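*Asks:* Following this line is run.csv, made up of CSV, C-alpha atoms:
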chain,number,residue,atom,x,y,z
A,1,ILE,CA,8.8,-13.2,-14.1
A,2,LYS,CA,9.0,-9.6,-13.0
A,3,ALA,CA,7.1,-7.9,-10.2
A,4,GLN,CA,3.7,-6.4,-11.0
A,5,TYR,CA,3.2,-2.7,-10.6
A,6,LEU,CA,1.0,0.3,-11.5
A,7,ASP,CA,1.8,4.0,-12.1
A,8,GLU,CA,-0.1,7.0,-10.8
A,9,ILE,CA,0.0,10.7,-11.4
A,10,VAL,CA,-2.0,13.0,-9.2
A,11,THR,CA,-2.0,16.8,-9.5
A,12,GLY,CA,-4.3,19.5,-8.2
A,13,ALA,CA,-4.8,23.0,-6.8
A,14,GLN,CA,-6.9,24.9,-4.4
A,15,PHE,CA,-8.1,28.5,-4.7
A,16,GLN,CA,-9.5,30.7,-2.0
A,17,LEU,CA,-12.2,32.6,-3.8
A,18,ALA,CA,-13.5,34.4,-0.7
A,19,PRO,CA,-13.2,34.2,3.0
A,20,ASP,CA,-14.3,30.7,4.0
A,21,LEU,CA,-14.9,29.7,0.4
A,22,MET,CA,-12.5,27.2,-1.2
A,23,LEU,CA,-12.5,25.7,-4.7
A,24,GLY,CA,-10.3,22.7,-5.6
A,25,ILE,CA,-9.5,20.8,-8.7
A,26,THR,CA,-7.8,17.4,-8.9
A,27,LEU,CA,-6.6,15.4,-11.9
A,28,GLN,CA,-5.7,11.8,-11.5
A,29,LYS,CA,-4.2,9.2,-13.9
A,30,ARG,CA,-3.5,5.6,-13.0
A,31,TRP,CA,-2.5,2.7,-15.3
A,32,LEU,CA,-1.2,-0.8,-15.0
A,33,GLY,CA,2.4,-1.5,-15.8
A,34,ARG,CA,2.6,-5.2,-15.4
A,35,VAL,CA,0.7,-8.0,-13.6
A,36,ILE,CA,1.4,-11.6,-12.6
A,37,GLU,CA,-1.1,-14.2,-13.8
A,38,ASP,CA,-1.2,-17.9,-14.7
A,39,VAL,CA,-1.5,-18.6,-18.4
A,40,SER,CA,-1.7,-21.7,-20.6
A,41,THR,CA,-0.3,-21.8,-24.1
A,42,ASP,CA,-1.1,-25.4,-24.8
A,43,GLY,CA,-4.9,-25.6,-24.3
A,44,ALA,CA,-5.1,-25.9,-20.5
A,45,GLN,CA,-2.5,-28.8,-20.3
A,46,THR,CA,0.2,-26.8,-18.7
A,47,TYR,CA,0.0,-23.6,-16.7
A,48,ILE,CA,2.8,-21.0,-16.3
A,49,ILE,CA,3.0,-18.2,-13.7
A,50,ALA,CA,4.0,-15.3,-16.0
A,51,ASN,CA,3.7,-11.7,-17.0
A,52,PRO,CA,1.0,-12.1,-19.7
A,53,GLY,CA,2.0,-10.5,-23.0
A,54,GLU,CA,5.7,-10.3,-22.4
A,55,TRP,CA,8.7,-12.6,-22.2
A,56,SER,CA,12.2,-11.2,-22.7
A,57,ALA,CA,14.4,-11.8,-25.7
A,58,LYS,CA,17.3,-12.3,-23.4
A,59,ASP,CA,15.6,-15.2,-21.6
A,60,GLU,CA,14.8,-16.7,-25.0
A,61,GLN,CA,18.4,-16.6,-26.2
A,62,ALA,CA,19.5,-18.2,-22.9
A,63,MET,CA,17.1,-21.1,-23.4
A,64,ILE,CA,18.2,-21.5,-27.0
A,65,GLN,CA,21.7,-21.8,-25.7
A,66,ARG,CA,20.6,-24.4,-23.2
A,67,ILE,CA,19.0,-26.4,-26.0
A,68,ALA,CA,22.2,-26.3,-28.0
A,69,GLU,CA,24.1,-27.6,-25.1
A,70,ALA,CA,21.6,-30.3,-24.1
A,71,PRO,CA,23.4,-33.5,-23.1
A,72,ASP,CA,20.8,-35.8,-24.6
A,73,ASP,CA,17.7,-35.9,-26.8
A,74,ALA,CA,15.2,-36.2,-24.0
A,75,THR,CA,16.5,-33.0,-22.3
A,76,ARG,CA,16.6,-31.2,-25.7
A,77,MET,CA,13.0,-32.2,-26.4
A,78,ARG,CA,11.9,-31.0,-23.0
A,79,LEU,CA,13.6,-27.7,-23.3
A,80,GLU,CA,12.3,-27.2,-26.9
A,81,ASN,CA,8.7,-27.8,-25.6
A,82,GLU,CA,9.2,-25.3,-22.8
A,83,LEU,CA,10.6,-22.8,-25.2
A,84,GLU,CA,7.5,-23.0,-27.4
A,85,MET,CA,5.3,-22.5,-24.4
A,86,TYR,CA,7.2,-19.5,-23.1
A,87,LYS,CA,7.2,-17.9,-26.5
A,88,GLY,CA,3.4,-18.3,-26.5
A,89,ILE,CA,3.2,-16.0,-23.5
A,90,ARG,CA,3.7,-13.1,-25.9
A,91,GLY,CA,0.6,-14.0,-27.8
A,92,PHE,CA,-1.6,-12.9,-24.8
A,93,ASP,CA,-2.9,-9.3,-24.7
A,94,LYS,CA,-1.0,-7.3,-22.2
A,95,PRO,CA,-3.2,-6.6,-19.2
A,96,ALA,CA,-4.6,-3.0,-19.2
A,97,ARG,CA,-6.6,-1.0,-16.7
A,98,ASN,CA,-6.5,2.8,-17.3
A,99,TYR,CA,-8.2,5.2,-14.9
A,100,ALA,CA,-8.5,8.9,-15.4
A,101,SER,CA,-10.5,11.4,-13.4
A,102,LEU,CA,-11.3,15.1,-13.0
A,103,GLU,CA,-12.6,16.2,-9.6
A,104,LEU,CA,-14.1,19.6,-8.8
A,105,ALA,CA,-14.7,20.4,-5.1
A,106,ILE,CA,-16.0,23.4,-3.3
A,107,SER,CA,-16.3,24.0,0.5
A,108,LYS,CA,-17.9,26.9,2.3
A,109,ARG,CA,-18.3,27.8,6.0
A,110,LEU,CA,-21.6,29.7,5.9
A,111,SER,CA,-21.6,30.6,9.5
A,112,ARG,CA,-19.8,29.8,12.7
A,113,GLY,CA,-21.5,26.5,13.1
A,114,LEU,CA,-22.5,25.6,9.5
A,115,PHE,CA,-20.1,23.9,7.1
A,116,THR,CA,-20.8,22.5,3.6
A,117,GLN,CA,-18.8,20.9,0.9
A,118,ALA,CA,-19.6,19.3,-2.4
A,119,SER,CA,-17.7,17.6,-5.2
A,120,TYR,CA,-18.3,16.3,-8.7
A,121,THR,CA,-16.0,13.7,-10.3
A,122,PHE,CA,-15.9,12.6,-13.9
A,123,SER,CA,-13.9,9.4,-14.4
A,124,ARG,CA,-13.4,6.5,-16.8
A,125,THR,CA,-11.9,3.1,-16.1
A,126,GLU,CA,-11.2,1.0,-19.2
A,127,GLY,CA,-9.1,-1.9,-20.2
A,128,ASN,CA,-9.2,-5.7,-20.2
A,129,PHE,CA,-8.1,-6.6,-16.7
A,130,PRO,CA,-10.3,-5.5,-13.7
A,131,GLY,CA,-7.8,-6.6,-11.1
A,132,SER,CA,-6.7,-9.4,-8.9
A,133,VAL,CA,-10.4,-10.0,-8.1
A,134,SER,CA,-12.5,-11.0,-11.0
A,135,TYR,CA,-15.7,-9.0,-10.7
A,136,ASP,CA,-17.3,-10.6,-13.7
A,137,ASN,CA,-17.6,-14.2,-12.3
A,138,GLY,CA,-16.9,-13.5,-8.6
A,139,GLN,CA,-13.6,-15.4,-8.6
A,140,VAL,CA,-11.2,-14.5,-5.7
A,141,ASP,CA,-7.9,-16.0,-6.7
A,142,PRO,CA,-5.4,-13.2,-6.9
A,143,ASN,CA,-2.7,-13.8,-9.6
A,144,ILE,CA,-4.1,-17.2,-10.5
A,145,SER,CA,-7.6,-16.3,-11.8
A,146,SER,CA,-9.1,-17.6,-14.9
A,147,GLN,CA,-8.9,-14.2,-16.7
A,148,TYR,CA,-5.7,-15.1,-18.5
A,149,ASP,CA,-5.7,-18.9,-18.5
A,150,LEU,CA,-6.6,-19.4,-22.1
A,151,ILE,CA,-6.0,-17.0,-25.0
A,152,GLU,CA,-9.5,-17.5,-26.4
A,153,LEU,CA,-11.0,-16.2,-23.2
A,154,LEU,CA,-9.5,-12.7,-23.9
A,155,ALA,CA,-12.0,-12.0,-26.8
A,156,ASN,CA,-14.3,-9.0,-26.1
A,157,ARG,CA,-12.7,-8.3,-22.7
A,158,ARG,CA,-11.5,-4.9,-23.6
A,159,GLY,CA,-13.8,-2.0,-22.8
A,160,LYS,CA,-15.5,-0.4,-19.8
A,161,LEU,CA,-14.4,-2.2,-16.7
A,162,PRO,CA,-16.7,-3.1,-13.7
A,163,GLN,CA,-15.2,-0.1,-11.7
A,164,ASP,CA,-16.2,2.4,-14.4
A,165,ARG,CA,-18.7,4.9,-12.9
A,166,PRO,CA,-18.3,8.1,-14.9
A,167,HIS,CA,-20.3,10.5,-12.7
A,168,SER,CA,-20.1,10.9,-8.9
A,169,ILE,CA,-21.7,13.7,-6.9
A,170,LYS,CA,-21.1,14.1,-3.2
A,171,VAL,CA,-22.6,16.8,-0.9
A,172,ASP,CA,-21.9,17.0,2.8
A,173,ALA,CA,-23.2,19.5,5.4
A,174,PHE,CA,-23.3,19.8,9.1
A,175,TYR,CA,-24.3,22.3,11.7
A,176,THR,CA,-23.0,22.4,15.3
A,177,PHE,CA,-25.1,24.0,18.0
A,178,ASP,CA,-23.3,25.3,21.1
A,179,LEU,CA,-25.9,24.4,23.8
A,180,ASP,CA,-23.6,25.9,26.4
A,181,LYS,CA,-19.9,25.9,27.2
A,182,SER,CA,-19.8,22.2,27.7
A,183,ASN,CA,-22.5,20.7,25.5
A,184,LEU,CA,-22.6,20.4,21.7
A,185,LEU,CA,-25.3,19.2,19.3
A,186,THR,CA,-24.3,18.4,15.7
A,187,LEU,CA,-26.7,17.6,12.8
A,188,GLY,CA,-25.3,16.4,9.6
A,189,THR,CA,-26.3,15.1,6.2
A,190,ARG,CA,-24.6,13.3,3.3
A,191,LEU,CA,-26.0,13.1,-0.2
A,192,ARG,CA,-24.6,10.7,-2.9
A,193,ALA,CA,-25.3,10.1,-6.5
A,194,VAL,CA,-23.1,7.7,-8.6
A,195,SER,CA,-23.4,6.2,-12.1
A,196,GLY,CA,-24.2,2.5,-12.4
A,197,ILE,CA,-21.8,-0.2,-13.6
A,198,PRO,CA,-21.5,-1.6,-17.2
A,199,ARG,CA,-23.7,-4.5,-18.2
A,200,ASN,CA,-22.3,-7.5,-20.1
A,201,ALA,CA,-23.4,-10.7,-21.8
A,202,LEU,CA,-21.6,-13.8,-20.6
A,203,GLY,CA,-21.7,-17.4,-21.7
A,204,ALA,CA,-20.2,-20.8,-20.7
A,205,HIS,CA,-16.8,-22.0,-22.0
A,206,TYR,CA,-16.5,-25.7,-22.8
A,207,VAL,CA,-13.4,-26.1,-20.6
A,208,TYR,CA,-13.9,-23.4,-17.9
A,209,GLY,CA,-17.6,-23.5,-17.4
A,210,PRO,CA,-20.2,-20.8,-16.6
A,211,ASP,CA,-19.7,-17.1,-17.4
A,212,GLU,CA,-16.1,-17.4,-18.8
A,213,SER,CA,-16.9,-16.2,-22.3
A,214,PHE,CA,-17.7,-12.6,-23.1
A,215,LEU,CA,-20.2,-13.0,-25.9
A,216,LEU,CA,-20.1,-9.3,-26.7
A,217,PRO,CA,-17.6,-6.6,-25.9
A,218,ARG,CA,-17.7,-5.2,-22.4
A,219,GLY,CA,-20.5,-2.7,-21.8
A,220,GLN,CA,-22.6,-3.4,-24.9
A,221,PHE,CA,-25.8,-3.3,-22.8
A,222,GLY,CA,-25.2,0.1,-21.3
A,223,ARG,CA,-25.1,0.3,-17.5
A,224,THR,CA,-27.2,-0.1,-14.4
A,225,GLU,CA,-29.3,2.8,-13.1
A,226,ILE,CA,-27.8,5.7,-11.1
A,227,ASP,CA,-27.7,5.1,-7.4
A,228,THR,CA,-28.6,7.9,-5.0
A,229,SER,CA,-28.7,7.9,-1.2
A,230,ILE,CA,-29.2,10.3,1.8
A,231,ASP,CA,-27.6,9.7,5.1
A,232,LEU,CA,-28.2,11.6,8.4
A,233,LYS,CA,-26.2,12.0,11.5
A,234,VAL,CA,-27.1,13.3,15.0
A,235,SER,CA,-24.4,13.7,17.6
A,236,TYR,CA,-24.4,15.0,21.2
A,237,GLY,CA,-21.0,15.8,22.7
A,238,ARG,CA,-20.0,16.9,26.2
A,239,LYS,CA,-16.7,18.4,27.1
A,240,LEU,CA,-15.3,16.6,30.1
A,241,SER,CA,-12.2,18.7,30.3
A,242,LYS,CA,-10.2,21.2,28.1
A,243,SER,CA,-8.8,18.3,26.0
A,244,MET,CA,-11.4,15.5,26.4
A,245,VAL,CA,-14.9,15.2,24.7
A,246,ALA,CA,-17.4,12.4,25.1
A,247,GLU,CA,-19.7,11.9,22.2
A,248,LEU,CA,-22.9,9.8,21.6
A,249,TYR,CA,-24.0,9.7,18.0
A,250,LEU,CA,-26.7,8.1,15.7
A,251,ASP,CA,-26.1,7.4,12.0
A,252,LEU,CA,-29.0,6.8,9.6
A,253,PHE,CA,-27.9,5.3,6.3
A,254,ASN,CA,-30.0,5.3,3.1
A,255,LEU,CA,-32.8,7.3,4.8
A,256,MET,CA,-35.2,6.9,1.9
A,257,ASN,CA,-34.7,3.1,1.9
A,258,ARG,CA,-33.9,3.2,-1.8
A,259,GLN,CA,-32.8,-0.3,-2.8
A,260,GLY,CA,-31.8,0.3,-6.4
A,261,THR,CA,-30.2,-2.2,-8.7
A,262,PHE,CA,-26.5,-2.9,-7.9
A,263,ASP,CA,-26.0,-5.6,-10.5
A,264,VAL,CA,-27.9,-7.6,-13.1
A,265,ASP,CA,-27.7,-11.2,-14.2
A,266,ALA,CA,-25.1,-11.1,-17.0
A,267,THR,CA,-25.5,-14.7,-18.0
A,268,TYR,CA,-26.9,-14.9,-21.5
A,269,ALA,CA,-26.0,-18.5,-22.2
A,270,PRO,CA,-26.2,-20.8,-19.1
A,271,ALA,CA,-23.8,-23.7,-18.9
A,272,VAL,CA,-26.6,-26.2,-19.1
A,273,ARG,CA,-29.6,-26.1,-21.5
A,274,GLN,CA,-32.8,-27.0,-19.6
A,275,ALA,CA,-34.4,-30.2,-20.6
A,276,ILE,CA,-37.5,-30.3,-22.7
A,277,PRO,CA,-40.5,-30.5,-20.4
A,278,GLY,CA,-41.3,-34.1,-19.5
A,279,GLN,CA,-37.7,-35.2,-20.2
A,280,ALA,CA,-35.0,-35.8,-17.7
A,281,GLY,CA,-31.6,-34.0,-17.6
A,282,GLY,CA,-30.2,-31.3,-19.8
A,283,SER,CA,-27.4,-30.7,-22.2
A,284,GLU,CA,-24.2,-28.6,-22.4
A,285,ASN,CA,-24.8,-25.0,-23.6
A,286,ASN,CA,-21.3,-23.7,-24.2
A,287,VAL,CA,-20.7,-20.9,-26.7
A,288,ASN,CA,-17.9,-18.9,-28.3
A,289,PRO,CA,-17.6,-15.1,-28.1
A,290,ILE,CA,-18.8,-13.0,-31.0
A,291,SER,CA,-15.8,-10.8,-31.4
A,292,GLY,CA,-16.8,-7.2,-31.8
A,293,GLY,CA,-20.5,-8.2,-32.0
A,294,THR,CA,-23.6,-6.3,-31.0
A,295,TYR,CA,-26.9,-7.3,-29.4
A,296,SER,CA,-28.5,-8.2,-32.7
A,297,ASP,CA,-25.7,-10.8,-33.3
A,298,LEU,CA,-26.7,-12.9,-30.2
A,299,ILE,CA,-29.5,-14.6,-32.1
A,300,PHE,CA,-26.8,-16.2,-34.3
A,301,ALA,CA,-24.8,-17.6,-31.4
A,302,LYS,CA,-24.4,-21.4,-31.7
A,303,THR,CA,-23.6,-24.0,-29.1
A,304,ILE,CA,-20.2,-25.6,-29.1
A,305,ASP,CA,-19.5,-29.2,-28.2
A,306,GLY,CA,-17.1,-30.6,-25.6
A,307,GLN,CA,-14.1,-30.3,-28.0
A,308,GLY,CA,-14.8,-26.6,-28.8
A,309,VAL,CA,-16.4,-27.3,-32.2
A,310,GLU,CA,-19.3,-25.1,-33.1
A,311,THR,CA,-22.6,-26.9,-33.8
A,312,SER,CA,-25.7,-25.8,-35.7
A,313,THR,CA,-27.8,-25.6,-32.5
A,314,PRO,CA,-28.6,-22.1,-31.4
A,315,THR,CA,-27.5,-21.4,-27.8
A,316,ALA,CA,-30.2,-21.4,-25.1
A,317,ARG,CA,-30.9,-18.0,-23.5
A,318,ASN,CA,-31.2,-17.4,-19.8
A,319,PRO,CA,-34.7,-16.2,-19.0
A,320,ASN,CA,-33.3,-13.9,-16.2
A,321,PHE,CA,-30.8,-12.2,-18.5
A,322,GLN,CA,-30.3,-8.5,-17.5
A,323,ARG,CA,-32.8,-8.8,-14.7
A,324,THR,CA,-31.8,-7.5,-11.2
A,325,SER,CA,-29.5,-9.9,-9.4
A,326,SER,CA,-28.5,-7.8,-6.4
A,327,ARG,CA,-29.6,-4.5,-4.8
A,328,TYR,CA,-28.0,-1.8,-2.7
A,329,ALA,CA,-28.4,-2.2,1.1
A,330,PRO,CA,-31.7,-1.1,2.7
A,331,ALA,CA,-32.0,1.6,5.3
A,332,SER,CA,-30.0,0.9,8.4
A,333,ALA,CA,-28.8,2.7,11.6
A,334,GLN,CA,-25.9,2.6,14.0
A,335,VAL,CA,-25.4,4.0,17.5
A,336,GLY,CA,-21.9,4.8,18.8
A,337,PHE,CA,-20.0,6.3,21.5
A,338,ARG,CA,-16.6,8.1,21.1
A,339,LEU,CA,-14.2,9.5,23.6
A,340,THR,CA,-11.8,12.1,22.1
A,341,PHE,CA,-8.7,13.3,23.9
I need this file expressed as structure tokens, please.
*Replies:*
Amino acid sequence: IKAQYLDEIVTGAQFQLAPDLMLGITLQKRWLGRVIEDVSTDGAQTYIIANPGEWSAKDEQAMIQRIAEAPDDATRMRLENELEMYKGIRGFDKPARNYASLELAISKRLSRGLFTQASYTFSRTEGNFPGSVSYDNGQVDPNISSQYDLIELLANRRGKLPQDRPHSIKVDAFYTFDLDKSNLLTLGTRLRAVSGIPRNALGAHYVYGPDESFLLPRGQFGRTEIDTSIDLKVSYGRKLSKSMVAELYLDLFNLMNRQGTFDVDATYAPAVRQAIPGQAGGSENNVNPISGGTYSDLIFAKTIDGQGVETSTPTARNPNFQRTSSRYAPASAQVGFRLTF
């Protein structure tokens, strides 16, 4: 295998439009070059730490030569089996995560003590590989996640990734009062508005369990609501010497106590179908992805059995599908002391 990496290009410029007025523009492009993940090309019987989607022709020729020089039939069969598995690595889609953004920023000192700055960022994050942490099912297994374990799990994974938040607005302002030569009082505020995250429809896989199958392409259900917040800061500083300042401050976060939806329940088909009232137990409720499907296609999704064969039984639907599963943090505060020298 080869090392994983990503490439990034950042360019920008700043313009002084007037005294104490600055305008900035930044363009950023970032994309994956290669990742390391475990894959299985024989139906979860054997796992290979590899670069999904690529295996060099040079290595293939070297193994073919080893097979030709094998000293016995057992060794030859083992190497031939390995060769077929390694060739299967190329059948996986190459991991992709493409980020592009345009940021416009403006800053202005309105008076000796008042400073403001604001920015707007338009960005897109698309691909089929969110990263070493799987945001979709909460798995934290860097480089050995389930995202690339089986080739059939890759269906519908390309699209708007969990990090995709197209619009972001930031406004900051603070005013510093000179109470006297040694005492300073600062009042500040921070306003934020950011797009929600894409919403998906997930189902259980007959080998890998809950939320491993993307029933529909990423982002088919739109995105969660826009999140907004207002923070405040009050700071009192005292000059102890020419180069030392003691500061006591209070930060108020989410002043309006707005606890909007951070994420929703993306499970459309739970792993277990609830039993009929009055009966004990339940049954498996695995389902295959509907490649390129839309919301109207979900009604035709059928349960698959323990061997991956589709049955005639419609899949059971999670009653909490697309309902709020987590919210942003409520209002909070912190008090701190800082000595600067």
*Asks:* For a cutoff of 6 Å around the file-coordinate point (-14.3, 29.8, 5.3), which residues qualify once you count all atoms listed in the file? I'd like the result as a short mmCIF file (atom, residue, chain, number, x, y, z; two decimals) with C-alpha atoms, keeping the file's coordinate frame.
*Replies:*
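Output contents, as saved in out32.cif:
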data_model
loop_
_atom_site.label_atom_id
_atom_site.label_comp_id
_atom_site.auth_asym_id
_atom_site.auth_seq_id
_atom_site.Cartn_x
_atom_site.Cartn_y
_atom_site.Cartn_z
CA PRO A 19 -13.20 34.20 3.00
CA ASP A 20 -14.30 30.70 4.00
CA LEU A 21 -14.90 29.70 0.40
CA LYS A 108 -17.90 26.90 2.30
CA ARG A 109 -18.30 27.80 6.00
#
*Asks:* Hey, which of A:Asn200, A:Asn51, A:Ser283, A:Thr189 ends up closest to Leu250 in chain A? Count all atoms listed in the file.
*Replies:* A:Thr189
*Asks:* Neighbours of Lys170 in chain A within 8 Å (all atoms listed in the file; same-chain residues fewer than 5 positions away dropped), as a list in words?
*Replies:* Ala118, Ser119, Tyr120, Arg190, Leu191, Arg192 and Ala193 of chain A
*Asks:* Would you mind telling me which residue in A:Pro319, A:Pro210, A:Gly237, A:Gly282 lies nearest to Asn183 in chain A when using only C-alpha atoms?
*Replies:*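 Closest to Asn183 in chain A, using only C-alpha atoms: A:Gly237.
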*Asks:* I'd like the interatomic distance between CA of Asp42 in chain A and CA of Glu84 in chain A, to a tenth of an Å.
*Replies:* 9.3 Å
*Asks:* One decimal, Å: what's the distance from CA of Ala269 in chain A over to CA of Gly159 in chain A, could you say?
*Replies:* 20.5 Å
*Asks:* If we count only C-alpha atoms, what is near Val10 in chain A at a cut-off of 7 Å, once residues fewer than 6 positions away on the same chain are taken out, given as an MDAnalysis selection string?
*Replies:* chainID A and resid 27:29
*Asks:* Counting all atoms listed in the file, figure out which residue out of A:Tyr236, A:Phe92, A:Phe122, A:Phe221 gets nearest to Asp178 in chain A.
*Replies:* A:Tyr236
*Asks:* Show me, as a tab-separated table (two decimals) with C-alpha atoms, in the frame of the given file, the residues that have an atom within 10 Å of range 165-168 of chain A when counting all atoms listed in the file, minus same-chain residues fewer than 3 positions from it.
*Replies:*
chain	number	residue	atom	x	y	z
A	100	ALA	CA	-8.50	8.90	-15.40
A	101	SER	CA	-10.50	11.40	-13.40
A	103	GLU	CA	-12.60	16.20	-9.60
A	119	SER	CA	-17.70	17.60	-5.20
A	120	TYR	CA	-18.30	16.30	-8.70
A	121	THR	CA	-16.00	13.70	-10.30
A	122	PHE	CA	-15.90	12.60	-13.90
A	123	SER	CA	-13.90	9.40	-14.40
A	124	ARG	CA	-13.40	6.50	-16.80
A	125	THR	CA	-11.90	3.10	-16.10
A	160	LYS	CA	-15.50	-0.40	-19.80
A	161	LEU	CA	-14.40	-2.20	-16.70
A	162	PRO	CA	-16.70	-3.10	-13.70
A	192	ARG	CA	-24.60	10.70	-2.90
A	193	ALA	CA	-25.30	10.10	-6.50
A	194	VAL	CA	-23.10	7.70	-8.60
A	195	SER	CA	-23.40	6.20	-12.10
A	196	GLY	CA	-24.20	2.50	-12.40
A	197	ILE	CA	-21.80	-0.20	-13.60
A	198	PRO	CA	-21.50	-1.60	-17.20
A	223	ARG	CA	-25.10	0.30	-17.50
A	224	THR	CA	-27.20	-0.10	-14.40
A	226	ILE	CA	-27.80	5.70	-11.10
A	227	ASP	CA	-27.70	5.10	-7.40
A	228	THR	CA	-28.60	7.90	-5.00
*Asks:* Name the closest residue to Ala201 in chain A among the candidates A:Leu179, A:Ile290, A:Ala331, A:Ile1; distances are taken between atoms, counting all atoms listed in the file.
*Replies:* A:Ile290
*Asks:* Report, in Å to a single decimal, how far apart CA of Asp7 in chain A and CA of Gly219 in chain A are.
*Replies:*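 Between these atoms lies a distance of 25.2 Å.
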*Asks:* Kindly indicate which residue among A:Phe214, A:Leu232, A:Ser243, A:Ile304 lies nearest to Thr267 in chain A, using all atoms listed in the file for the distances.
*Replies:*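 Smallest separation from Thr267 in chain A among the options: A:Phe214.
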*Asks:* Looking at all atoms listed in the file, which of A:Val309, A:Leu248, A:Leu298, A:Leu83 is the one that sits closest to Gln61 in chain A?
*Replies:*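 Of the candidates, the smallest distance to Gln61 in chain A is held by A:Leu83.
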*Asks:* Could you give me, as a VMD selection string, the residues within 8 Å of Thr116 in chain A, counting all atoms listed in the file and dropping anything in the same chain fewer than 6 positions from it?
*Replies:* chain A and resid 107 to 110 171 to 174
*Asks:* With only C-alpha atoms as the counted atoms, please give the residues lying no more than 8 Å from Pro52 in chain A, apart from itself and same-chain residues fewer than 5 positions off, as a list in words.
*Replies:* Val35, Ile36, Glu37, Asp38, Val39, Ile89, Arg90, Phe92, Asp93, Lys94, Pro95 and Tyr148 of chain A
*Asks:* Complete the atoms of range 90-101 of chain A to N, CA, C and O atoms and put them out as an mmCIF file, in the frame of the given file.
*Replies:*
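Generated output (rebuild-v8.cif):
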data_model
loop_
_atom_site.group_PDB
_atom_site.id
_atom_site.type_symbol
_atom_site.label_atom_id
_atom_site.label_comp_id
_atom_site.auth_asym_id
_atom_site.auth_seq_id
_atom_site.Cartn_x
_atom_site.Cartn_y
_atom_site.Cartn_z
ATOM 1 N N ARG A 90 3.830 -14.369 -25.208
ATOM 2 C CA ARG A 90 3.700 -13.100 -25.900
ATOM 3 C C ARG A 90 2.467 -12.960 -26.725
ATOM 4 O O ARG A 90 2.087 -11.862 -27.118
ATOM 5 N N GLY A 91 1.810 -14.073 -26.992
ATOM 6 C CA GLY A 91 0.600 -14.000 -27.800
ATOM 7 C C GLY A 91 -0.615 -13.493 -26.995
ATOM 8 O O GLY A 91 -1.646 -13.161 -27.588
ATOM 9 N N PHE A 92 -0.514 -13.426 -25.665
ATOM 10 C CA PHE A 92 -1.600 -12.900 -24.800
ATOM 11 C C PHE A 92 -1.594 -11.383 -24.865
ATOM 12 O O PHE A 92 -0.529 -10.762 -24.874
ATOM 13 N N ASP A 93 -2.771 -10.778 -24.862
ATOM 14 C CA ASP A 93 -2.900 -9.300 -24.700
ATOM 15 C C ASP A 93 -2.257 -8.890 -23.410
ATOM 16 O O ASP A 93 -2.500 -9.524 -22.383
ATOM 17 N N LYS A 94 -1.535 -7.788 -23.422
ATOM 18 C CA LYS A 94 -1.000 -7.300 -22.200
ATOM 19 C C LYS A 94 -2.174 -6.750 -21.308
ATOM 20 O O LYS A 94 -3.069 -6.073 -21.815
ATOM 21 N N PRO A 95 -2.170 -7.071 -20.029
ATOM 22 C CA PRO A 95 -3.200 -6.600 -19.200
ATOM 23 C C PRO A 95 -3.242 -5.040 -19.130
ATOM 24 O O PRO A 95 -2.191 -4.401 -19.086
ATOM 25 N N ALA A 96 -4.442 -4.480 -19.166
ATOM 26 C CA ALA A 96 -4.600 -3.000 -19.200
ATOM 27 C C ALA A 96 -5.735 -2.630 -18.248
ATOM 28 O O ALA A 96 -6.806 -3.249 -18.266
ATOM 29 N N ARG A 97 -5.497 -1.612 -17.448
ATOM 30 C CA ARG A 97 -6.600 -1.000 -16.700
ATOM 31 C C ARG A 97 -6.174 0.489 -16.509
ATOM 32 O O ARG A 97 -5.262 0.843 -15.764
ATOM 33 N N ASN A 98 -6.851 1.354 -17.234
ATOM 34 C CA ASN A 98 -6.500 2.800 -17.300
ATOM 35 C C ASN A 98 -7.634 3.578 -16.601
ATOM 36 O O ASN A 98 -8.808 3.478 -16.994
ATOM 37 N N TYR A 99 -7.237 4.341 -15.602
ATOM 38 C CA TYR A 99 -8.200 5.200 -14.900
ATOM 39 C C TYR A 99 -7.781 6.634 -15.011
ATOM 40 O O TYR A 99 -6.604 6.985 -14.848
ATOM 41 N N ALA A 100 -8.743 7.480 -15.327
ATOM 42 C CA ALA A 100 -8.500 8.900 -15.400
ATOM 43 C C ALA A 100 -9.688 9.640 -14.828
ATOM 44 O O ALA A 100 -10.846 9.242 -15.043
ATOM 45 N N SER A 101 -9.421 10.704 -14.067
ATOM 46 C CA SER A 101 -10.500 11.400 -13.400
ATOM 47 C C SER A 101 -10.229 12.897 -13.282
ATOM 48 O O SER A 101 -9.068 13.322 -13.217
#
